[in-house]
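To start, the structure under review is shown below, and the notes come after it.
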Amino acid sequence: MTEVGFQSWPSGGKSITDGTTPTLPSPARPTGETGTEDTGRDLQSSNSLFHPSAGPVQAGFFCWDVATGEINCDPSTFRLHGLPEGSPPHLDTFLSRIPESDLPEFVGALQSMAEAGGNYQIAYRIAADGGGWRQLEARGRVLADAAGAPTRMVGVVMDTTAAYERQEAEKRRLYEGATRNRLMQQLTAALAAAVTFRDIMAATQVGLQEFGASGLAVVASQRDGLSVVASYGCHDEELAAVCDADTGACFPLQDALARQAPVFVASVTDLAAAHPQQAAGGSCRAWAAIPMADSRGLIGACLMGFPSPREFGPEERALLVAVAGLLAQSLERAGMYESQHALATELQRGMLHPGPLSAPGLTIAARYQAATSGMRIGGDWYDAICLPDGAVALVIGDVQGHSVHAASLMGKLRTVIHAYTCEGHGPAAVLARTNRLMVEFNPDPDRAMFATCCYLLIRPAEGTLEACTAGHPAPALIAPGEPPRLLDIAGGLPLGVDPHAQYPTERMLIRPGSVLAVTTDGLLEAAGGDIGVAIEAFLAELAGAATADLEVLADELLAGVQRARRRSDDIALLLARLTGPTVR
């Protein structure tokens with residue numbers, strides 16, 4: 001595209017006012033030196049000291065008559081524009097050499113420079129004889145008459161193609177470097193956020209594809225050989241060859257492990273030259289094999305494949321080595337996370353009610369889902385307690401915080417509530433006694449914790465419900481033929497806050513086929529946004545609960561939560577349908 005700029009020349013410079021080629025003054029001789037021999041010696045001496053770093057610049061001089069369009073120029077100007085010397089010396093002749101797409105901007109720039117007067121500078125391009133483009137630059141001065149109207153534009157035109165290409169190459173280099181840095185930052189952030197092997201490989205695949213890689217195999221070194229621990233973009237036979245030591249396959253990977261240094265293979269030809277026995281299978285045509293190390297030392301290597309031959313420059317090599325290092329650290333962190341998370345989940349599940357919940361006169365579905373970020377041992381629990389008189393107590397609760405202390409406190413509360421219920425205490429008495437004991441569990445104010453709880457006592461034979469809550473979300477009731485609604489319960493304070501807290505009990509009748517749904521706040525908070533909106537969404541999902549399979553409904557309620565990438569809270573869910581007859 002045409003580039004226009006203006007530049008002030010020194011006031012002492014000599015203006016070109018016609019089409020002649022200006023002559024440069026001869027350098028002055030030092031006093032006392034005359035004759036051609038001395039001059040020759042001077043030139044010889046000068047040549048031995050001065051070595052130009054650039055080649056000669058092609059330049060031509062011109063004078064353009066603004067009114068007539070006639071151009072008076074030297075032969076170099078014609079040659080620079082790819083025109084024979086006998087071409088018509090008119091502006092249109094030179095404009096014919098400029099790409100048609102550039103003409104409007106170029107002609108507009110000429111008009112603007114003529115109107116502005118003074119010195120000018122303009123860069124433009126013409127079609128080169130061998131294809132491509134030649135970059136030219138013209139500089140000079142606009143001459144005006146006594147009235148200030150432009151009459152002539154005089155100046156010099158130069159071939160700046162080489163300088164332009166160097167500038168463009170530098171721009172590309174800077175742009176590519178900035179792009180690599182941006183992509184590396186994105187990959188680093190994605191790997192930092194990933195906590196599972198699947199998430200890490202997904203983030204790595206996206207990042208490496210941006211760098212041009214089409215396949216990756218992460219190989220672990222073991223006593224009995226190599227094993228692929230993660231991969232993408234590789235066929236099964238390729239993966240088998242990677243770890244087949246008997247066939248001597250995948251020399252780049254073996255070389256990288258043996259030398260404990262990166263190995264880069266730019267093409268199939270280079271692979272064949274280095275390892276004639278190696279057959280290049282698969283779709284890759286260039287490879288980077290990089291050892292991987294974590295806090296334990298060398299753990300294996302990764303093999304990155306590229307779909308076409310590739311010259312790995314120093315910057316790209318450094319970047320791929322850095323990617324391998326990040327990948328190794330992320331995989332180590334994922335291994336630690338998954339081990340800790342499995343331990344935490346198993347510990348918490350061991351404190352929950354063993355096996356499916358069941359009770360006479362009720363169909364019950366229960367779910368527990370652990371948080372997905374960090375170790376996150378939480379305090380959510382649920383329970384179903386069958387009493388000798390046929391009543392069933394459904395209990396769900398949530399201890400504040402996520403730690404081993406929270407999980408152990410949850411285990412104590414579950415046991416205490418179970419014991420008080422079996423002693424025959426009503427819902428309000430159970431929560432009041434548990435609350436006082438919870439206060440005793442918190443002797444240190446700095447470590448004091450509280451818990452929420454919902455206690456539902458159902459008598460299936462009578463069709464009655466007694467409900468009591470301690471800072472917990474109210475249960476939802478879905479009666480046959482009616483929309484889901486939250487029960488209006490005057491709940492009390494969370495357990496462990498005030499030793500004298502009281503817990504009002506709401507009593508009501510419920511019809512056979514009615515479903516009670518109660519959950520911890522983890523399910524509601526997972527939806528994000530306003531809690532009121534989350535509750536409305538929860539009730540909307542319960543619309544068909546009266547006739548639905550409760551096990552299927554429980555899975556559906558958690559399905560949306562499972563899609564959340566990282567949740568900060570556990571979830572407990574209880575669904576119970578009254579199936580017993582109502583005593584009238």
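Scheme for the structure tokens: letters A, B, ... for chains in order shown; per-chain residue numbers from 1; ligand numbers from 1 in order shown.
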
*Write down as a ChimeraX atom specification the residues of stretch 82-231 of chain A whose backbone DSSP state falls under strand (DSSP E).*
/A:118-127,133-144,150-159,215-222,225-231

*What are the DSSP helix (DSSP H, G or I) residues of stretch 74-311 of chain A, as a PyMOL selection string?*
chain A and resi 75-80+91-95+100-116+161-193+197-210+236-242+251-259+268-274

_Calculated over only C-alpha atoms, which of the candidates A:Ala256, A:Ala370, A:Ala114, A:Ile126 has the smallest distance to A:Phe94?_
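Using only C-alpha atoms, the shortest distance to A:Phe94 belongs to A:Ile126.
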
Would you kindly return, as a short mmCIF file (atom, residue, chain, number, x, y, z; two decimals) with all heavy atoms, in the first residue's frame, each protein, DNA or RNA residue with an atom no farther than 6 Å from any atom of stretch 199-207 of chain A, considering only C-alpha atoms and excluding same-chain residues fewer than 4 positions away?
```cif
data_model
loop_
_atom_site.label_atom_id
_atom_site.label_comp_id
_atom_site.auth_asym_id
_atom_site.auth_seq_id
_atom_site.Cartn_x
_atom_site.Cartn_y
_atom_site.Cartn_z
N LEU A 187 -1.42 -20.88 27.28
CA LEU A 187 -1.22 -22.28 27.63
C LEU A 187 -0.83 -22.41 29.10
O LEU A 187 -1.31 -23.31 29.80
CB LEU A 187 -0.14 -22.89 26.74
CG LEU A 187 0.24 -24.35 27.04
CD1 LEU A 187 -0.97 -25.26 26.95
CD2 LEU A 187 1.32 -24.82 26.08
N ALA A 190 -3.94 -21.99 31.13
CA ALA A 190 -4.82 -23.15 31.00
C ALA A 190 -4.29 -24.34 31.80
O ALA A 190 -5.06 -25.05 32.47
CB ALA A 190 -4.98 -23.53 29.53
N LEU A 191 -2.98 -24.56 31.76
CA LEU A 191 -2.40 -25.67 32.52
C LEU A 191 -2.47 -25.41 34.02
O LEU A 191 -2.65 -26.34 34.82
CB LEU A 191 -0.95 -25.91 32.09
CG LEU A 191 -0.76 -26.52 30.70
CD1 LEU A 191 0.73 -26.63 30.37
CD2 LEU A 191 -1.41 -27.89 30.61
N ALA A 194 -5.98 -26.34 35.07
CA ALA A 194 -6.35 -27.75 34.91
C ALA A 194 -5.89 -28.55 36.13
O ALA A 194 -4.77 -28.38 36.61
CB ALA A 194 -5.73 -28.31 33.64
#
```

*For A:Ala419, list every protein, DNA or RNA residue within 12 Å, evaluated using only C-alpha atoms, and leave out those in the same chain fewer than 5 positions away; present the list as a PyMOL selection string.*
chain A and resi 385-387+393+412-414+424-425+430-431+433-434

Counting only C-alpha atoms, which residues in stretch 207-311 of chain A sit no more than 12 Å from stretch 177-180 of chain A? For each one, give the nearest pair of atoms and the distance in Å, sorted by chain then residue number, as CSV.
```
residue,atom,partner,partner_atom,distance
A:Gly207,CA,A:Arg180,CA,10.4
A:Leu208,CA,A:Arg180,CA,10.9
A:Glu210,CA,A:Arg180,CA,9.0
A:Phe211,CA,A:Arg180,CA,7.8
A:Gly212,CA,A:Arg180,CA,11.3
```

Given the selection you just returned, output its residues as a file containing N, CA, C and O atoms, formatted as a short mmCIF file (atom, residue, chain, number, x, y, z; two decimals), in the first residue's frame.
```cif
data_model
loop_
_atom_site.label_atom_id
_atom_site.label_comp_id
_atom_site.auth_asym_id
_atom_site.auth_seq_id
_atom_site.Cartn_x
_atom_site.Cartn_y
_atom_site.Cartn_z
N GLY A 207 -3.13 -25.80 23.04
CA GLY A 207 -1.94 -24.97 22.98
C GLY A 207 -0.96 -25.41 21.90
O GLY A 207 -0.46 -24.59 21.13
N LEU A 208 -0.69 -26.72 21.80
CA LEU A 208 0.27 -27.20 20.82
C LEU A 208 -0.26 -27.07 19.40
O LEU A 208 0.51 -26.87 18.46
N GLU A 210 -1.92 -24.59 18.34
CA GLU A 210 -1.61 -23.22 17.98
C GLU A 210 -0.15 -23.08 17.54
O GLU A 210 0.18 -22.21 16.73
N PHE A 211 0.72 -23.94 18.06
CA PHE A 211 2.13 -23.92 17.67
C PHE A 211 2.41 -24.81 16.47
O PHE A 211 3.56 -24.94 16.04
N GLY A 212 1.39 -25.45 15.92
CA GLY A 212 1.54 -26.23 14.70
C GLY A 212 1.66 -27.71 14.90
O GLY A 212 1.75 -28.47 13.92
#
```

*Nearest to A:Ala162, chosen from A:Glu482, A:Asp488, A:Asp145, A:Glu137, with only C-alpha atoms counted in the distances*: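 Nearest candidate to A:Ala162 out of A:Glu482, A:Asp488, A:Asp145, A:Glu137: A:Glu137.
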
_Spatial neighbours of stretch 301-304 of chain A, 6 Å, only C-alpha atoms, chain gap at least 6 places, as a PyMOL selection string_ = chain A and resi 215-219+287-292

*Using only C-alpha atoms, pick whichever of A:Pro262, A:Ile122, A:Leu326, A:Phe61 has the shortest atom-to-atom distance to A:Gln185.*
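Smallest separation from A:Gln185 among the options: A:Leu326.
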